[in-house]
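Asks: One file: final_8.pdb (PDB, C-alpha atoms).
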```
ATOM      1  CA  MET A   8      -4.116  11.053 -14.887  1.00  0.00           C
ATOM      2  CA  GLN A   9      -2.489   7.999 -16.376  1.00  0.00           C
ATOM      3  CA  ILE A  10      -2.610   4.376 -15.284  1.00  0.00           C
ATOM      4  CA  GLN A  11       0.515   2.267 -15.463  1.00  0.00           C
ATOM      5  CA  PRO A  12       0.299  -1.494 -14.863  1.00  0.00           C
ATOM      6  CA  THR A  13       2.705  -3.210 -12.493  1.00  0.00           C
ATOM      7  CA  THR A  14       4.088  -6.746 -12.661  1.00  0.00           C
ATOM      8  CA  ILE A  15       0.840  -7.837 -10.965  1.00  0.00           C
ATOM      9  CA  SER A  16      -1.847  -6.610 -13.345  1.00  0.00           C
ATOM     10  CA  ASP A  17      -4.461  -5.825 -10.679  1.00  0.00           C
ATOM     11  CA  VAL A  18      -2.097  -3.529  -8.767  1.00  0.00           C
ATOM     12  CA  LEU A  19      -1.986  -0.192 -10.574  1.00  0.00           C
ATOM     13  CA  LEU A  20       0.376   2.751 -10.454  1.00  0.00           C
ATOM     14  CA  ILE A  21      -1.417   6.052 -10.992  1.00  0.00           C
ATOM     15  CA  LEU A  22       0.382   9.079 -12.359  1.00  0.00           C
ATOM     16  CA  PRO A  23      -1.682  12.187 -11.626  1.00  0.00           C
ATOM     17  CA  LYS A  24      -1.644  15.190 -13.923  1.00  0.00           C
ATOM     18  CA  VAL A  25       0.375  17.793 -12.033  1.00  0.00           C
ATOM     19  CA  TYR A  26       0.098  21.504 -12.799  1.00  0.00           C
ATOM     20  CA  GLU A  27       3.266  23.078 -11.458  1.00  0.00           C
ATOM     21  CA  ASP A  28       4.765  26.545 -11.634  1.00  0.00           C
ATOM     22  CA  GLU A  29       6.803  28.918  -9.476  1.00  0.00           C
ATOM     23  CA  ARG A  30       3.902  29.143  -6.987  1.00  0.00           C
ATOM     24  CA  GLY A  31       3.743  25.415  -6.320  1.00  0.00           C
ATOM     25  CA  PHE A  32       1.524  22.721  -7.802  1.00  0.00           C
ATOM     26  CA  PHE A  33      -2.047  21.477  -8.133  1.00  0.00           C
ATOM     27  CA  LEU A  34      -3.283  17.951  -8.769  1.00  0.00           C
ATOM     28  CA  GLU A  35      -6.504  15.999  -8.400  1.00  0.00           C
ATOM     29  CA  SER A  36      -5.783  13.332  -5.823  1.00  0.00           C
ATOM     30  CA  TYR A  37      -9.134  11.646  -6.439  1.00  0.00           C
ATOM     31  CA  ASN A  38     -11.797  11.791  -9.150  1.00  0.00           C
ATOM     32  CA  SER A  39     -14.414   9.026  -8.999  1.00  0.00           C
ATOM     33  CA  ARG A  40     -15.146   9.129 -12.752  1.00  0.00           C
ATOM     34  CA  PHE A  41     -11.498   8.693 -13.689  1.00  0.00           C
ATOM     35  CA  TYR A  42     -11.005   5.793 -11.283  1.00  0.00           C
ATOM     36  CA  ALA A  43     -14.239   4.088 -12.352  1.00  0.00           C
ATOM     37  CA  ASP A  44     -13.177   4.378 -16.000  1.00  0.00           C
ATOM     38  CA  ALA A  45      -9.841   2.783 -15.012  1.00  0.00           C
ATOM     39  CA  GLY A  46     -11.637  -0.177 -13.390  1.00  0.00           C
ATOM     40  CA  ILE A  47     -11.320   1.062  -9.806  1.00  0.00           C
ATOM     41  CA  ASP A  48     -15.055   1.338  -9.346  1.00  0.00           C
ATOM     42  CA  PHE A  49     -15.297   1.111  -5.578  1.00  0.00           C
ATOM     43  CA  THR A  50     -16.910   3.190  -2.893  1.00  0.00           C
ATOM     44  CA  PHE A  51     -14.309   4.421  -0.454  1.00  0.00           C
ATOM     45  CA  VAL A  52     -15.594   4.443   3.127  1.00  0.00           C
ATOM     46  CA  GLN A  53     -12.574   5.434   5.182  1.00  0.00           C
ATOM     47  CA  ASP A  54      -9.553   7.727   4.793  1.00  0.00           C
ATOM     48  CA  ASN A  55      -6.422   6.980   6.856  1.00  0.00           C
ATOM     49  CA  HIS A  56      -3.319   9.023   7.598  1.00  0.00           C
ATOM     50  CA  SER A  57      -0.196   7.488   9.104  1.00  0.00           C
ATOM     51  CA  ARG A  58       2.996   9.308  10.041  1.00  0.00           C
ATOM     52  CA  SER A  59       6.139   7.261  10.585  1.00  0.00           C
ATOM     53  CA  ARG A  60       9.810   7.959  11.043  1.00  0.00           C
ATOM     54  CA  GLN A  61      12.713   6.629   9.003  1.00  0.00           C
ATOM     55  CA  GLY A  62      13.285   2.896   9.292  1.00  0.00           C
ATOM     56  CA  VAL A  63       9.719   2.054  10.308  1.00  0.00           C
ATOM     57  CA  LEU A  64       8.126  -0.855   8.470  1.00  0.00           C
ATOM     58  CA  ARG A  65       4.356  -1.332   8.725  1.00  0.00           C
ATOM     59  CA  GLY A  66       2.778  -4.536   7.480  1.00  0.00           C
ATOM     60  CA  LEU A  67       2.183  -6.859   5.850  1.00  0.00           C
ATOM     61  CA  HIS A  68      -1.492  -6.348   6.776  1.00  0.00           C
ATOM     62  CA  TYR A  69      -4.793  -7.529   5.325  1.00  0.00           C
ATOM     63  CA  GLN A  70      -8.318  -8.251   6.478  1.00  0.00           C
ATOM     64  CA  LEU A  71      -9.543 -11.767   5.784  1.00  0.00           C
ATOM     65  CA  HIS A  72     -13.181 -10.612   5.832  1.00  0.00           C
ATOM     66  CA  HIS A  73     -14.151  -7.071   4.912  1.00  0.00           C
ATOM     67  CA  ALA A  74     -11.097  -7.053   2.653  1.00  0.00           C
ATOM     68  CA  GLN A  75      -9.914  -3.552   1.881  1.00  0.00           C
ATOM     69  CA  GLY A  76      -8.857  -2.085  -1.411  1.00  0.00           C
ATOM     70  CA  LYS A  77      -6.466   0.812  -0.819  1.00  0.00           C
ATOM     71  CA  LEU A  78      -5.722   3.893  -2.894  1.00  0.00           C
ATOM     72  CA  ILE A  79      -2.409   5.117  -1.512  1.00  0.00           C
ATOM     73  CA  HIS A  80      -0.218   8.203  -1.766  1.00  0.00           C
ATOM     74  CA  VAL A  81       2.490   9.943   0.233  1.00  0.00           C
ATOM     75  CA  VAL A  82       2.231  13.682   0.931  1.00  0.00           C
ATOM     76  CA  ASN A  83       5.458  14.101   2.893  1.00  0.00           C
ATOM     77  CA  GLY A  84       8.632  12.043   2.566  1.00  0.00           C
ATOM     78  CA  GLU A  85       9.237   8.745   0.783  1.00  0.00           C
ATOM     79  CA  VAL A  86       8.321   5.098   1.321  1.00  0.00           C
ATOM     80  CA  PHE A  87       8.846   1.789  -0.415  1.00  0.00           C
ATOM     81  CA  ASP A  88       5.330   0.390  -0.757  1.00  0.00           C
ATOM     82  CA  VAL A  89       4.551  -3.321  -1.239  1.00  0.00           C
ATOM     83  CA  ALA A  90       1.494  -5.368  -2.187  1.00  0.00           C
ATOM     84  CA  VAL A  91       1.441  -9.193  -1.940  1.00  0.00           C
ATOM     85  CA  ASP A  92      -1.170 -11.238  -3.801  1.00  0.00           C
ATOM     86  CA  LEU A  93      -3.016 -13.486  -1.323  1.00  0.00           C
ATOM     87  CA  ARG A  94      -5.653 -14.806  -3.746  1.00  0.00           C
ATOM     88  CA  ARG A  95      -4.933 -18.537  -3.891  1.00  0.00           C
ATOM     89  CA  SER A  96      -6.693 -18.835  -7.281  1.00  0.00           C
ATOM     90  CA  SER A  97      -4.505 -16.109  -8.805  1.00  0.00           C
ATOM     91  CA  PRO A  98      -1.545 -16.970 -11.057  1.00  0.00           C
ATOM     92  CA  THR A  99       0.440 -14.403  -9.050  1.00  0.00           C
ATOM     93  CA  PHE A 100      -0.442 -15.860  -5.609  1.00  0.00           C
ATOM     94  CA  GLY A 101       2.399 -15.182  -3.154  1.00  0.00           C
ATOM     95  CA  LYS A 102       4.104 -12.732  -5.530  1.00  0.00           C
ATOM     96  CA  TRP A 103       4.817  -9.142  -4.589  1.00  0.00           C
ATOM     97  CA  VAL A 104       5.175  -5.801  -6.292  1.00  0.00           C
ATOM     98  CA  GLY A 105       6.952  -2.808  -4.784  1.00  0.00           C
ATOM     99  CA  THR A 106       7.271   0.829  -5.756  1.00  0.00           C
ATOM    100  CA  TYR A 107       8.617   4.064  -4.365  1.00  0.00           C
ATOM    101  CA  LEU A 108       5.949   6.588  -3.403  1.00  0.00           C
ATOM    102  CA  SER A 109       6.940  10.080  -2.371  1.00  0.00           C
ATOM    103  CA  ALA A 110       5.748  13.642  -2.002  1.00  0.00           C
ATOM    104  CA  GLU A 111       8.133  14.447  -4.840  1.00  0.00           C
ATOM    105  CA  ASN A 112       6.940  11.889  -7.428  1.00  0.00           C
ATOM    106  CA  LYS A 113       3.251  12.262  -6.388  1.00  0.00           C
ATOM    107  CA  LEU A 114       2.475   8.702  -7.566  1.00  0.00           C
ATOM    108  CA  GLN A 115      -0.483   6.747  -6.242  1.00  0.00           C
ATOM    109  CA  LEU A 116      -0.847   2.992  -5.896  1.00  0.00           C
ATOM    110  CA  TRP A 117      -4.071   1.001  -6.141  1.00  0.00           C
ATOM    111  CA  VAL A 118      -3.934  -2.194  -4.051  1.00  0.00           C
ATOM    112  CA  PRO A 119      -7.155  -4.174  -4.591  1.00  0.00           C
ATOM    113  CA  PRO A 120      -8.917  -6.367  -2.022  1.00  0.00           C
ATOM    114  CA  GLY A 121      -7.194  -9.745  -1.666  1.00  0.00           C
ATOM    115  CA  PHE A 122      -3.694  -8.367  -1.118  1.00  0.00           C
ATOM    116  CA  ALA A 123      -1.496  -7.863   1.928  1.00  0.00           C
ATOM    117  CA  HIS A 124       0.043  -4.427   2.130  1.00  0.00           C
ATOM    118  CA  GLY A 125       3.066  -2.887   3.821  1.00  0.00           C
ATOM    119  CA  TYR A 126       5.544  -0.067   3.515  1.00  0.00           C
ATOM    120  CA  TYR A 127       8.996   0.985   4.702  1.00  0.00           C
ATOM    121  CA  VAL A 128       9.912   4.619   5.418  1.00  0.00           C
ATOM    122  CA  LEU A 129      13.036   5.907   3.670  1.00  0.00           C
ATOM    123  CA  SER A 130      12.883   9.632   4.520  1.00  0.00           C
ATOM    124  CA  ASP A 131      13.291  11.209   7.960  1.00  0.00           C
ATOM    125  CA  TRP A 132       9.485  11.194   8.272  1.00  0.00           C
ATOM    126  CA  ALA A 133       6.666  10.182   5.941  1.00  0.00           C
ATOM    127  CA  ASP A 134       2.981  11.057   5.885  1.00  0.00           C
ATOM    128  CA  PHE A 135       1.149   8.182   4.249  1.00  0.00           C
ATOM    129  CA  LEU A 136      -2.512   8.599   3.197  1.00  0.00           C
ATOM    130  CA  TYR A 137      -4.912   6.027   1.838  1.00  0.00           C
ATOM    131  CA  LYS A 138      -8.546   5.597   1.013  1.00  0.00           C
ATOM    132  CA  ALA A 139     -10.060   2.213   1.952  1.00  0.00           C
ATOM    133  CA  THR A 140     -12.998   0.374   0.400  1.00  0.00           C
ATOM    134  CA  ASP A 141     -14.131  -1.207   3.667  1.00  0.00           C
ATOM    135  CA  PHE A 142     -13.979  -0.320   7.325  1.00  0.00           C
ATOM    136  CA  TYR A 143     -11.173  -1.441   9.594  1.00  0.00           C
ATOM    137  CA  THR A 144     -12.245  -4.583  11.457  1.00  0.00           C
ATOM    138  CA  PRO A 145      -9.505  -5.575  13.904  1.00  0.00           C
ATOM    139  CA  GLU A 146     -10.964  -9.024  14.545  1.00  0.00           C
ATOM    140  CA  TRP A 147     -10.344  -9.908  10.877  1.00  0.00           C
ATOM    141  CA  GLU A 148      -6.955  -8.245  10.502  1.00  0.00           C
ATOM    142  CA  ARG A 149      -4.105 -10.614   9.755  1.00  0.00           C
ATOM    143  CA  THR A 150      -0.363 -10.026   9.451  1.00  0.00           C
ATOM    144  CA  ILE A 151       2.206 -11.853   7.383  1.00  0.00           C
ATOM    145  CA  HIS A 152       5.790 -11.488   8.566  1.00  0.00           C
ATOM    146  CA  TRP A 153       7.517  -8.697   6.659  1.00  0.00           C
ATOM    147  CA  ASN A 154      10.564 -10.861   5.975  1.00  0.00           C
ATOM    148  CA  ASP A 155       8.857 -14.116   4.963  1.00  0.00           C
ATOM    149  CA  SER A 156      11.336 -16.185   2.954  1.00  0.00           C
ATOM    150  CA  ASP A 157       8.628 -17.631   0.680  1.00  0.00           C
ATOM    151  CA  ILE A 158       7.714 -14.114  -0.486  1.00  0.00           C
ATOM    152  CA  SER A 159      11.298 -12.729  -0.476  1.00  0.00           C
ATOM    153  CA  ILE A 160      10.513  -9.027  -0.642  1.00  0.00           C
ATOM    154  CA  GLU A 161      13.581  -6.992  -1.527  1.00  0.00           C
ATOM    155  CA  TRP A 162      13.116  -4.242   1.080  1.00  0.00           C
ATOM    156  CA  PRO A 163      15.567  -1.338   0.547  1.00  0.00           C
ATOM    157  CA  LEU A 164      16.665  -1.345   4.200  1.00  0.00           C
ATOM    158  CA  ILE A 165      18.796   1.644   5.120  1.00  0.00           C
ATOM    159  CA  ASP A 166      22.374   0.492   5.776  1.00  0.00           C
ATOM    160  CA  GLY A 167      21.008  -3.068   5.937  1.00  0.00           C
ATOM    161  CA  LYS A 168      19.670  -2.404   9.455  1.00  0.00           C
ATOM    162  CA  PRO A 169      16.574  -4.283  10.614  1.00  0.00           C
ATOM    163  CA  PRO A 170      13.424  -2.149  10.406  1.00  0.00           C
ATOM    164  CA  LEU A 171      11.504  -0.850  13.381  1.00  0.00           C
ATOM    165  CA  VAL A 172       8.264  -2.868  13.554  1.00  0.00           C
ATOM    166  CA  SER A 173       5.380  -3.041  16.004  1.00  0.00           C
ATOM    167  CA  PRO A 174       5.102  -6.064  18.320  1.00  0.00           C
ATOM    168  CA  LYS A 175       2.097  -7.201  16.260  1.00  0.00           C
ATOM    169  CA  ASP A 176       4.057  -7.010  13.008  1.00  0.00           C
ATOM    170  CA  ALA A 177       7.042  -8.793  14.582  1.00  0.00           C
ATOM    171  CA  MET A 178       4.692 -11.700  15.377  1.00  0.00           C
ATOM    172  CA  GLY A 179       3.339 -11.949  11.820  1.00  0.00           C
ATOM    173  CA  ASN A 180       2.797 -15.417  10.390  1.00  0.00           C
ATOM    174  CA  PRO A 181       4.672 -16.925   7.479  1.00  0.00           C
ATOM    175  CA  LEU A 182       2.632 -17.098   4.273  1.00  0.00           C
ATOM    176  CA  VAL A 183       2.484 -20.904   4.432  1.00  0.00           C
ATOM    177  CA  GLU A 184       0.647 -20.708   7.781  1.00  0.00           C
ATOM    178  CA  SER A 185      -1.587 -17.738   6.921  1.00  0.00           C
ATOM    179  CA  GLU A 186      -5.259 -17.673   6.123  1.00  0.00           C
ATOM    180  CA  VAL A 187      -5.633 -16.374   2.576  1.00  0.00           C
ATOM    181  CA  PHE A 188      -8.347 -15.601   0.037  1.00  0.00           C
ATOM    182  CA  PRO A 189      -9.854 -18.247  -2.275  1.00  0.00           C
TER     183      PRO A 189
END
```
Let me see whether you can do it: turn the structure in this file into structure tokens.
Replies:
Amino acid sequence: MQIQPTTISDVLLILPKVYEDERGFFLESYNSRFYADAGIDFTFVQDNHSRSRQGVLRGLHYQLHHAQGKLIHVVNGEVFDVAVDLRRSSPTFGKWVGTYLSAENKLQLWVPPGFAHGYYVLSDWADFLYKATDFYTPEWERTIHWNDSDISIEWPLIDGKPPLVSPKDAMGNPLVESEVFP
């Protein structure tokens, strides 16, 4: 595996070593020693699997307490995945980084605690898997509006059409009104 930094140094793109031949492929999707050596030395307590259809946008979610780090990959389809730095003391506070994750490129993304996270589905369907460093606690979940003008995420919306979002995500707060991390 290789680690590639993103424009926000704490968010990491992980390129797994893929062994591929005419039969298919093999890769290690997780190896605790490798991740610890790369600075991702967390205990993962929950695995999540989400399936969404094309045009669905989920996020931008975070937990104010019990903040979750997320190790993300896509096993079917393609998404545009985004992390937004919500650590007020960070020089990249309010900045975002986005990358394409797909079953084809087999990339993983590490989003550390202190970030909001969201993704937009580009393929007909996408199966999105992630390991989390803390348990889901709905009373501490917060949502920032996916289209907040202060963040200005450049979502690759298909044909410029508005995404399909949940009622909760449609009611997300602007960053300026959101509770954030110190």
Asks: Exactly which residues make up the result of the PyMOL selection byres ((chain A and resi 103) around 8) on this file, given as a list in words?
Replies: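 Evaluating the PyMOL selection byres ((chain A and resi 103) around 8) on these coordinates yields Ile15, Val89, Ala90, Val91, Asp92, Gly101, Lys102, Val104, Gly105, Ile158 and Ile160 of chain A.
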Asks: Name every residue that the PyMOL selection byres ((chain A and resi 42-44) around 12) selects in this structure, writing the answer as JSON, numbers by chain with chains first and numbers rising.
Replies: {"A": [8, 9, 10, 19, 20, 21, 22, 23, 35, 36, 37, 38, 39, 40, 41, 45, 46, 47, 48, 49, 50, 51, 78, 115, 116, 117]}
Asks: Taking all atoms listed in the file into account, name the residue in A:Ala133, A:Leu182, A:Ala139, A:Val52 that is nearest to A:Ser159.
Replies: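 So, comparing all the options, the nearest one is A:Leu182.
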Asks: To one decimal place, how far is atom CA of A:Val82 from atom CA of A:Asp134 in Å?
Replies: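 Atom-to-atom, atom CA of A:Val82 and atom CA of A:Asp134 are spaced 5.7 Å apart.
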Asks: Taking only C-alpha atoms into account, name the residue in A:Asn83, A:Thr14, A:Thr106, A:Ser185 that is nearest to A:Pro163.
Replies: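 Answer, going by the shortest atom-to-atom distance: A:Thr106.
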Asks: At what distance in Å, to one decimal, does atom CA of A:Glu111 lie from atom CA of A:Lys24?
Replies: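 Pair atom CA of A:Lys24 / atom CA of A:Glu111 returns 13.4 Å.
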Asks: Using all atoms listed in the file, pick whichever of A:Leu136, A:Arg60, A:Asp54, A:Arg30 has the shortest atom-to-atom distance to A:His80.
Replies: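 Using all atoms listed in the file, the shortest distance to A:His80 belongs to A:Leu136.
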Asks: Rank nothing, just name the residue among A:Leu114, A:Leu34, A:Val187, A:Leu171 nearest to A:Thr150, using only C-alpha atoms.
Replies: A:Val187
Asks: Determine the residue membership of the PyMOL selection byres ((chain A and resi 153) around 7) for the file above and supply it as a PyMOL selection string.
Replies: chain A and resi 66-67+151-152+154-155
Asks: Which residue, A:Ser96, A:Asp131, A:Tyr137, A:Asp176, has the smallest gap to A:Ile79 when you use all atoms listed in the file?
Replies: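 Between A:Ser96, A:Asp131, A:Tyr137, A:Asp176, the residue approaching A:Ile79 most closely is A:Tyr137.
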Asks: Restricting the calculation to all atoms listed in the file, which member of A:Ser173, A:Ser109, A:Thr13, A:Asn180 is positioned closest to A:Gly84?
Replies: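 Selected residue with least distance to A:Gly84: A:Ser109.
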Asks: Residues at most 7 Å from A:Arg65, counting only C-alpha atoms, excluding those fewer than 3 positions away in the same chain, as a PDB file with C-alpha atoms, keeping the file's coordinate frame?
Replies:
```pdb
ATOM      1  CA  GLY A 125       3.066  -2.887   3.821  1.00  0.00           C
ATOM      2  CA  TYR A 126       5.544  -0.067   3.515  1.00  0.00           C
ATOM      3  CA  TYR A 127       8.996   0.985   4.702  1.00  0.00           C
ATOM      4  CA  VAL A 172       8.264  -2.868  13.554  1.00  0.00           C
TER       5      VAL A 172
END
```
Asks: Find the distance between atom CA of A:Tyr143 and atom CA of A:Pro119 and write it in Å to one decimal.
Replies: 15.0 Å
Asks: Which residues are close to A:Ala74, i.e. within 9 Å by only C-alpha atoms, leaving aside same-chain residues fewer than 6 positions away? Reply as a CSV table (one decimal) with C-alpha atoms, keeping the file's coordinate frame.
Replies:
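As a result, result28.csv now contains:
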```csv
chain,number,residue,atom,x,y,z
A,119,PRO,CA,-7.2,-4.2,-4.6
A,120,PRO,CA,-8.9,-6.4,-2.0
A,121,GLY,CA,-7.2,-9.7,-1.7
A,122,PHE,CA,-3.7,-8.4,-1.1
A,140,THR,CA,-13.0,0.4,0.4
A,141,ASP,CA,-14.1,-1.2,3.7
A,142,PHE,CA,-14.0,-0.3,7.3
A,143,TYR,CA,-11.2,-1.4,9.6
A,147,TRP,CA,-10.3,-9.9,10.9
A,148,GLU,CA,-7.0,-8.2,10.5
```
Asks: Work out where the centre of an axis-aligned box around every listed atom of stretch 116-127 of chain A lies and how long its edges are once 6 Å is added on each side; give both in Å to one decimal as JSON.
Replies:
```
{"center_x": 0.0, "center_y": -3.4, "center_z": -0.7, "size_x": 29.9, "size_y": 24.7, "size_z": 22.8}
```
Asks: Any idea what's packed within 10 Å of A:Leu164, counting all atoms listed in the file, ignoring anything in its chain fewer than 2 positions away? Could you give it as a count of residues only?
Replies: 14
Asks: Extract stretch 14-100 of chain A from the preceding block and save C-alpha atoms as a PDB file, in the first residue's frame.
Replies:
```pdb
ATOM      1  CA  THR A  14      -4.365  19.234  -0.202  1.00  0.00           C
ATOM      2  CA  ILE A  15      -5.361  18.867   3.470  1.00  0.00           C
ATOM      3  CA  SER A  16      -2.436  16.990   4.989  1.00  0.00           C
ATOM      4  CA  ASP A  17      -4.467  15.023   7.551  1.00  0.00           C
ATOM      5  CA  VAL A  18      -6.778  13.576   4.890  1.00  0.00           C
ATOM      6  CA  LEU A  19      -4.951  10.723   3.177  1.00  0.00           C
ATOM      7  CA  LEU A  20      -5.494   8.864  -0.064  1.00  0.00           C
ATOM      8  CA  ILE A  21      -4.504   5.210   0.196  1.00  0.00           C
ATOM      9  CA  LEU A  22      -3.473   3.220  -2.845  1.00  0.00           C
ATOM     10  CA  PRO A  23      -3.673  -0.489  -2.029  1.00  0.00           C
ATOM     11  CA  LYS A  24      -1.360  -3.010  -3.640  1.00  0.00           C
ATOM     12  CA  VAL A  25      -3.568  -4.865  -6.110  1.00  0.00           C
ATOM     13  CA  TYR A  26      -2.667  -8.315  -7.422  1.00  0.00           C
ATOM     14  CA  GLU A  27      -4.608  -8.740 -10.641  1.00  0.00           C
ATOM     15  CA  ASP A  28      -4.666 -11.371 -13.357  1.00  0.00           C
ATOM     16  CA  GLU A  29      -7.145 -13.035 -15.706  1.00  0.00           C
ATOM     17  CA  ARG A  30      -8.957 -14.572 -12.703  1.00  0.00           C
ATOM     18  CA  GLY A  31      -9.669 -11.257 -11.009  1.00  0.00           C
ATOM     19  CA  PHE A  32      -7.820  -9.433  -8.247  1.00  0.00           C
ATOM     20  CA  PHE A  33      -6.772  -9.567  -4.601  1.00  0.00           C
ATOM     21  CA  LEU A  34      -5.978  -6.701  -2.253  1.00  0.00           C
ATOM     22  CA  GLU A  35      -5.706  -6.125   1.478  1.00  0.00           C
ATOM     23  CA  SER A  36      -8.444  -3.663   2.325  1.00  0.00           C
ATOM     24  CA  TYR A  37      -7.175  -3.278   5.888  1.00  0.00           C
ATOM     25  CA  ASN A  38      -3.959  -4.112   7.738  1.00  0.00           C
ATOM     26  CA  SER A  39      -3.622  -2.540  11.192  1.00  0.00           C
ATOM     27  CA  ARG A  40       0.202  -2.515  11.116  1.00  0.00           C
ATOM     28  CA  PHE A  41       0.334  -0.668   7.807  1.00  0.00           C
ATOM     29  CA  TYR A  42      -2.195   1.942   8.918  1.00  0.00           C
ATOM     30  CA  ALA A  43      -0.509   2.435  12.297  1.00  0.00           C
ATOM     31  CA  ASP A  44       2.837   2.938  10.546  1.00  0.00           C
ATOM     32  CA  ALA A  45       1.125   5.540   8.321  1.00  0.00           C
ATOM     33  CA  GLY A  46      -0.154   7.442  11.380  1.00  0.00           C
ATOM     34  CA  ILE A  47      -3.691   6.042  11.288  1.00  0.00           C
ATOM     35  CA  ASP A  48      -3.343   4.361  14.648  1.00  0.00           C
ATOM     36  CA  PHE A  49      -6.979   4.089  15.655  1.00  0.00           C
ATOM     37  CA  THR A  50      -9.206   1.294  16.821  1.00  0.00           C
ATOM     38  CA  PHE A  51     -12.110   0.863  14.450  1.00  0.00           C
ATOM     39  CA  VAL A  52     -15.335  -0.003  16.272  1.00  0.00           C
ATOM     40  CA  GLN A  53     -17.958  -0.019  13.543  1.00  0.00           C
ATOM     41  CA  ASP A  54     -18.159  -0.981   9.859  1.00  0.00           C
ATOM     42  CA  ASN A  55     -20.857   0.649   7.696  1.00  0.00           C
ATOM     43  CA  HIS A  56     -22.188  -0.171   4.245  1.00  0.00           C
ATOM     44  CA  SER A  57     -24.360   2.242   2.286  1.00  0.00           C
ATOM     45  CA  ARG A  58     -25.905   1.642  -1.125  1.00  0.00           C
ATOM     46  CA  SER A  59     -27.154   4.635  -3.085  1.00  0.00           C
ATOM     47  CA  ARG A  60     -28.362   5.297  -6.588  1.00  0.00           C
ATOM     48  CA  GLN A  61     -27.018   7.809  -9.086  1.00  0.00           C
ATOM     49  CA  GLY A  62     -27.516  11.437  -8.123  1.00  0.00           C
ATOM     50  CA  VAL A  63     -27.775  10.794  -4.384  1.00  0.00           C
ATOM     51  CA  LEU A  64     -25.715  13.085  -2.172  1.00  0.00           C
ATOM     52  CA  ARG A  65     -25.178  12.107   1.470  1.00  0.00           C
ATOM     53  CA  GLY A  66     -23.709  14.614   3.890  1.00  0.00           C
ATOM     54  CA  LEU A  67     -22.049  16.710   5.014  1.00  0.00           C
ATOM     55  CA  HIS A  68     -22.163  14.786   8.317  1.00  0.00           C
ATOM     56  CA  TYR A  69     -20.076  14.809  11.486  1.00  0.00           C
ATOM     57  CA  GLN A  70     -20.473  14.056  15.167  1.00  0.00           C
ATOM     58  CA  LEU A  71     -19.625  16.923  17.491  1.00  0.00           C
ATOM     59  CA  HIS A  72     -18.872  14.510  20.351  1.00  0.00           C
ATOM     60  CA  HIS A  73     -17.677  10.978  19.702  1.00  0.00           C
ATOM     61  CA  ALA A  74     -16.116  12.322  16.511  1.00  0.00           C
ATOM     62  CA  GLN A  75     -15.524   9.605  13.957  1.00  0.00           C
ATOM     63  CA  GLY A  76     -12.495   8.983  11.826  1.00  0.00           C
ATOM     64  CA  LYS A  77     -13.506   7.128   8.665  1.00  0.00           C
ATOM     65  CA  LEU A  78     -11.558   4.773   6.426  1.00  0.00           C
ATOM     66  CA  ILE A  79     -13.579   4.720   3.218  1.00  0.00           C
ATOM     67  CA  HIS A  80     -13.717   2.706   0.007  1.00  0.00           C
ATOM     68  CA  VAL A  81     -16.200   1.889  -2.737  1.00  0.00           C
ATOM     69  CA  VAL A  82     -16.732  -1.733  -3.802  1.00  0.00           C
ATOM     70  CA  ASN A  83     -19.322  -1.133  -6.517  1.00  0.00           C
ATOM     71  CA  GLY A  84     -19.727   1.972  -8.664  1.00  0.00           C
ATOM     72  CA  GLU A  85     -18.197   5.427  -8.282  1.00  0.00           C
ATOM     73  CA  VAL A  86     -18.621   8.402  -5.957  1.00  0.00           C
ATOM     74  CA  PHE A  87     -17.121  11.833  -5.491  1.00  0.00           C
ATOM     75  CA  ASP A  88     -16.077  11.863  -1.837  1.00  0.00           C
ATOM     76  CA  VAL A  89     -15.535  15.053   0.197  1.00  0.00           C
ATOM     77  CA  ALA A  90     -14.013  15.915   3.570  1.00  0.00           C
ATOM     78  CA  VAL A  91     -14.341  19.402   5.127  1.00  0.00           C
ATOM     79  CA  ASP A  92     -12.022  20.522   7.925  1.00  0.00           C
ATOM     80  CA  LEU A  93     -14.108  21.659  10.917  1.00  0.00           C
ATOM     81  CA  ARG A  94     -11.216  22.157  13.357  1.00  0.00           C
ATOM     82  CA  ARG A  95     -11.322  25.885  14.105  1.00  0.00           C
ATOM     83  CA  SER A  96      -7.645  25.863  15.181  1.00  0.00           C
ATOM     84  CA  SER A  97      -6.550  24.311  11.875  1.00  0.00           C
ATOM     85  CA  PRO A  98      -4.999  26.432   9.105  1.00  0.00           C
ATOM     86  CA  THR A  99      -7.315  24.585   6.701  1.00  0.00           C
ATOM     87  CA  PHE A 100     -10.527  25.247   8.698  1.00  0.00           C
TER      88      PHE A 100
END
```
